[in-house]
file work_32.cif (mmCIF, C-alpha atoms (C1' of nucleotides))
data_entry
#
loop_
_atom_site.label_atom_id
_atom_site.label_comp_id
_atom_site.auth_asym_id
_atom_site.auth_seq_id
_atom_site.Cartn_x
_atom_site.Cartn_y
_atom_site.Cartn_z
CA MET F 28 -36.23 1.64 -1.05
CA GLY F 29 -35.27 3.32 -4.26
CA GLY F 30 -32.64 1.03 -5.66
CA ASP F 31 -31.97 3.21 -8.69
CA ASP F 32 -29.36 5.33 -6.91
CA SER F 33 -29.12 3.91 -3.40
CA HIS F 34 -25.42 4.67 -3.18
CA SER F 35 -25.85 8.23 -4.38
CA TRP F 36 -23.27 9.58 -1.96
CA THR F 37 -19.82 9.84 -3.40
CA PHE F 38 -16.81 8.70 -1.48
CA ARG F 39 -15.80 12.23 -0.53
CA GLN F 40 -19.31 13.03 0.69
CA ARG F 41 -19.13 10.09 3.09
CA VAL F 42 -15.73 11.29 4.24
CA ALA F 43 -17.20 14.72 4.95
CA VAL F 44 -19.94 13.19 7.11
CA VAL F 45 -17.36 11.52 9.35
CA VAL F 46 -15.03 14.53 9.56
CA ALA F 47 -17.94 16.79 10.50
CA ARG F 48 -18.57 14.63 13.58
CA ILE F 49 -15.06 14.81 15.04
CA PRO F 50 -15.52 16.37 18.51
CA LEU F 51 -13.84 19.68 19.26
CA GLY F 52 -10.53 19.22 21.02
CA GLN F 53 -10.05 15.77 19.55
CA VAL F 54 -8.61 14.32 16.35
CA THR F 55 -8.93 11.16 14.30
CA THR F 56 -6.81 9.41 11.72
CA TYR F 57 -7.24 8.66 8.02
CA GLY F 58 -7.16 4.96 8.83
CA ARG F 59 -10.00 5.24 11.34
CA ILE F 60 -12.15 7.07 8.82
CA ALA F 61 -11.35 4.51 6.13
CA THR F 62 -12.29 1.68 8.47
CA VAL F 63 -15.65 3.17 9.43
CA LEU F 64 -16.39 3.66 5.74
CA GLY F 65 -15.83 -0.04 5.19
CA ALA F 66 -12.50 0.33 3.42
CA PRO F 67 -9.80 -0.31 6.07
CA ARG F 68 -7.10 -0.68 3.41
CA SER F 69 -7.99 2.53 1.62
CA ALA F 70 -6.72 5.20 3.98
CA ARG F 71 -5.08 7.00 1.06
CA MET F 72 -8.50 7.67 -0.40
CA ILE F 73 -9.41 9.75 2.64
CA GLY F 74 -6.57 12.18 2.07
CA TRP F 75 -7.34 12.30 -1.62
CA ALA F 76 -11.02 12.96 -0.95
CA MET F 77 -10.32 15.75 1.53
CA SER F 78 -7.93 17.58 -0.76
CA ASN F 79 -10.59 17.55 -3.47
CA LEU F 80 -13.49 18.33 -1.16
CA GLU F 81 -14.82 21.86 -0.99
CA ASN F 82 -13.92 22.51 2.64
CA GLY F 83 -16.68 24.46 4.27
CA PRO F 84 -16.13 26.45 7.48
CA ASP F 85 -18.08 23.82 9.39
CA LEU F 86 -15.82 20.99 8.27
CA PRO F 87 -13.02 20.53 10.83
CA ALA F 88 -10.51 19.14 8.37
CA HIS F 89 -7.73 20.21 10.73
CA ARG F 90 -8.79 17.43 13.13
CA VAL F 91 -7.56 14.69 10.80
CA VAL F 92 -3.97 13.53 11.23
CA ASN F 93 -2.06 10.44 10.19
CA ARG F 94 -1.58 7.32 12.30
CA VAL F 95 1.37 8.72 14.27
CA GLY F 96 -0.31 12.06 14.93
CA TYR F 97 1.71 13.97 12.34
CA LEU F 98 -0.08 16.87 10.65
CA SER F 99 0.35 15.39 7.18
CA GLY F 100 -2.39 17.61 5.78
CA ALA F 101 -1.06 20.91 7.09
CA HIS F 102 0.19 22.06 3.69
CA ALA F 103 -3.41 22.01 2.37
CA PHE F 104 -4.19 25.00 4.60
CA GLY F 105 -1.85 27.18 2.62
CA VAL F 106 0.34 27.95 5.60
CA PRO F 107 1.04 24.75 7.61
CA ALA F 108 0.94 26.67 10.89
CA ILE F 109 -2.79 27.34 10.38
CA MET F 110 -3.71 23.72 11.05
CA ARG F 111 -1.43 23.56 14.06
CA ASP F 112 -2.82 26.80 15.45
CA LEU F 113 -6.40 25.60 15.09
CA LEU F 114 -5.61 22.44 17.04
CA LEU F 115 -3.72 24.32 19.74
CA ASP F 116 -6.67 26.69 20.07
CA GLU F 117 -8.91 23.71 20.76
CA GLY F 118 -6.61 22.44 23.45
CA VAL F 119 -5.26 19.47 21.55
CA PRO F 120 -2.04 18.29 23.23
CA PHE F 121 1.09 18.07 21.11
CA GLN F 122 3.94 15.60 21.34
CA SER F 123 6.16 17.84 19.25
CA GLU F 124 5.70 20.89 17.03
CA TRP F 125 3.91 19.04 14.23
CA VAL F 126 2.80 15.86 16.00
CA VAL F 127 -0.23 15.67 18.30
CA ALA F 128 -0.32 13.42 21.37
CA LEU F 129 -2.73 10.91 19.85
CA GLU F 130 -3.23 8.81 22.98
CA ALA F 131 -4.63 11.84 24.78
CA CYS F 132 -6.99 13.15 22.10
CA VAL F 133 -7.71 10.50 19.46
CA TRP F 134 -11.37 9.92 18.59
CA ASP F 135 -12.62 6.76 16.95
CA PRO F 136 -15.55 7.39 14.55
CA ALA F 137 -16.58 3.75 15.01
CA ASP F 138 -17.25 4.65 18.65
CA ASP F 139 -20.06 7.02 17.64
CA PRO F 140 -23.35 5.12 16.99
CA GLU F 141 -24.96 8.31 15.71
CA LEU F 142 -22.52 8.28 12.84
CA ASP F 143 -23.91 5.00 11.57
CA ASP F 144 -27.35 6.57 11.77
CA ALA F 145 -26.17 9.45 9.62
CA PHE F 146 -25.14 7.01 6.91
CA ARG F 147 -28.50 5.27 7.11
CA ILE F 148 -30.17 8.58 6.31
CA GLY F 149 -27.77 9.13 3.44
CA LEU F 150 -28.40 5.72 1.96
CA GLU F 151 -32.15 6.30 2.10
CA ARG F 152 -31.83 9.58 0.18
"C1'" DA M 19 -9.51 3.36 -21.95
"C1'" DG M 20 -4.92 3.47 -19.78
"C1'" DT M 21 -1.92 6.25 -16.75
"C1'" DT M 22 -0.94 9.06 -12.81
"C1'" DT M 23 -1.74 10.92 -8.50
"C1'" DG M 24 -2.66 11.17 -3.49
"C1'" DA M 25 -3.67 15.33 3.47
"C1'" DC M 26 -2.18 6.87 4.24
"C1'" DA M 27 -1.28 2.35 6.59
"C1'" DG M 28 0.74 -2.14 7.31
"C1'" DT M 29 4.52 -5.07 6.94
"C1'" DA M 30 9.30 -6.15 6.24
"C1'" DT M 31 14.15 -5.18 6.76
"C1'" DG D 16 12.92 3.51 15.81
"C1'" DA D 17 13.69 4.71 10.95
"C1'" DT D 18 13.49 3.59 6.22
"C1'" DA D 19 11.68 1.06 2.07
"C1'" DC D 20 8.30 -1.28 -0.25
"C1'" DT D 21 3.65 -2.68 -1.25
"C1'" DG D 22 -1.50 -2.42 -1.26
"C1'" DC D 23 -5.44 0.43 -1.89
"C1'" DC D 24 -8.98 2.61 -5.04
"C1'" DA D 25 -11.52 7.03 -6.53
"C1'" DA D 26 -10.92 10.91 -9.55
"C1'" DA D 27 -8.33 13.74 -12.65
"C1'" DC D 28 -5.56 13.69 -17.07
#
call {"tool": "encode", "arguments": {"input": "work_32.cif", "output": "structure tokens"}}
result
Amino acid sequence: MGGDDSHSWTFRQRVAVVVARIPLGQVTTYGRIATVLGAPRSARMIGWAMSNLENGPDLPAHRVVNRVGYLSGAHAFGVPAIMRDLLLDEGVPFQSEWVVALEACVWDPADDPELDDAFRIGLER
DNA sequence: AGTTTGACAGTAT
DNA sequence: GATACTGCCAAAC
């Protein structure tokens, strides 16, 4: 192992790895992402990281909502309706106009063992 | 080097 | 259940 820069991945890069693995038609929360990153009390960092991350077309940032299912990041898409439309297009059920039915579509990143493997690769870098 | 800011979450009232 | 307050910590200023 290298040891000189073992933790070369920045916080926002790790966030991107998790977001990229959110299944289509499902969503996850900032808190879940923070927990799988080993910082359960740092959910705010996730939102900060995503707003500063260069969102690529392959990064489903629209699948991240807050703990009650509210589309708290909708404004980052320019027009809030864009995020909502993307989720509706994937078949994500809504509880109200801007709140998804979490119980029916929430995805826990900690439930994906392959995600941990992805971090192992990153740490090896 | 200190201050401010966030696409949040948990707890208390 | 809704509101208010606190904790959290990386990055930009």
call {"tool": "residues_near_point", "arguments": {"input": "work_32.cif", "point": "(-1.1, 16.2, 21.1)", "cutoff": "12 Å", "atoms": "only C-alpha atoms (C1' of nucleotides)", "output": "ChimeraX atom specification"}}
result
/F:52-55,90,92,95-98,111,114-133
call {"tool": "atom_distance", "arguments": {"input": "work_32.cif", "atom1": "atom CA of His89 of chain F", "atom2": "atom CA of Ile49 of chain F"}}
result
10.1 Å
call {"tool": "interface_residues", "arguments": {"input": "work_32.cif", "of": "chain D", "to": "chain F", "cutoff": "10 Å", "atoms": "all atoms listed in the file", "output": "PyMOL selection string"}}
result
chain D and resi 22-26
call {"tool": "resolve_selection", "arguments": {"input": "work_32.cif", "expression": "the PyMOL selection byres ((chain M) within 9 of (chain F))", "output": "list of chain:residue names"}}
result
M:DT23, M:DG24, M:DA25, M:DC26, M:DA27, M:DG28
call {"tool": "resolve_selection", "arguments": {"input": "work_32.cif", "expression": "the PyMOL selection byres ((chain D and resi 28) around 9)", "output": "PyMOL selection string"}}
result
(chain M and resi 21-22) or (chain D and resi 27)
call {"tool": "resolve_selection", "arguments": {"input": "work_32.cif", "expression": "the PyMOL selection byres ((chain D and resi 18) around 9)", "output": "PyMOL selection string"}}
result
(chain M and resi 31) or (chain D and resi 17+19)
call {"tool": "atom_distance", "arguments": {"input": "work_32.cif", "atom1": "atom CA of Pro107 of chain F", "atom2": "atom C1' of DT21 of chain D"}}
result
28.9 Å
call {"tool": "atom_distance", "arguments": {"input": "work_32.cif", "atom1": "atom CA of Glu81 of chain F", "atom2": "atom CA of Pro140 of chain F"}}
result
26.0 Å
call {"tool": "closest_residue", "arguments": {"input": "work_32.cif", "among": "F:Val42, F:Val106, F:Leu80, F:Ala47", "to": "Ile60 of chain F", "atoms": "only C-alpha atoms"}}
result
F:Val42
call {"tool": "decode", "arguments": {"input": "work_32.cif", "residues": "chain M", "atoms": "C-alpha atoms (C1' of nucleotides)", "output": "short mmCIF file (atom, residue, chain, number, x, y, z; two decimals), in the first residue's frame"}}
result
data_model
loop_
_atom_site.label_atom_id
_atom_site.label_comp_id
_atom_site.auth_asym_id
_atom_site.auth_seq_id
_atom_site.Cartn_x
_atom_site.Cartn_y
_atom_site.Cartn_z
"C1'" DA M 19 -5.79 31.96 9.95
"C1'" DG M 20 -10.57 33.13 11.19
"C1'" DT M 21 -15.27 33.54 9.30
"C1'" DT M 22 -19.13 32.08 6.59
"C1'" DT M 23 -21.76 29.00 4.10
"C1'" DG M 24 -24.47 24.82 2.99
"C1'" DA M 25 -29.15 20.35 -2.01
"C1'" DC M 26 -29.14 18.05 6.31
"C1'" DA M 27 -30.49 15.46 10.57
"C1'" DG M 28 -31.57 14.74 15.38
"C1'" DT M 29 -33.51 16.36 19.45
"C1'" DA M 30 -36.30 19.41 22.19
"C1'" DT M 31 -40.33 22.22 22.90
#
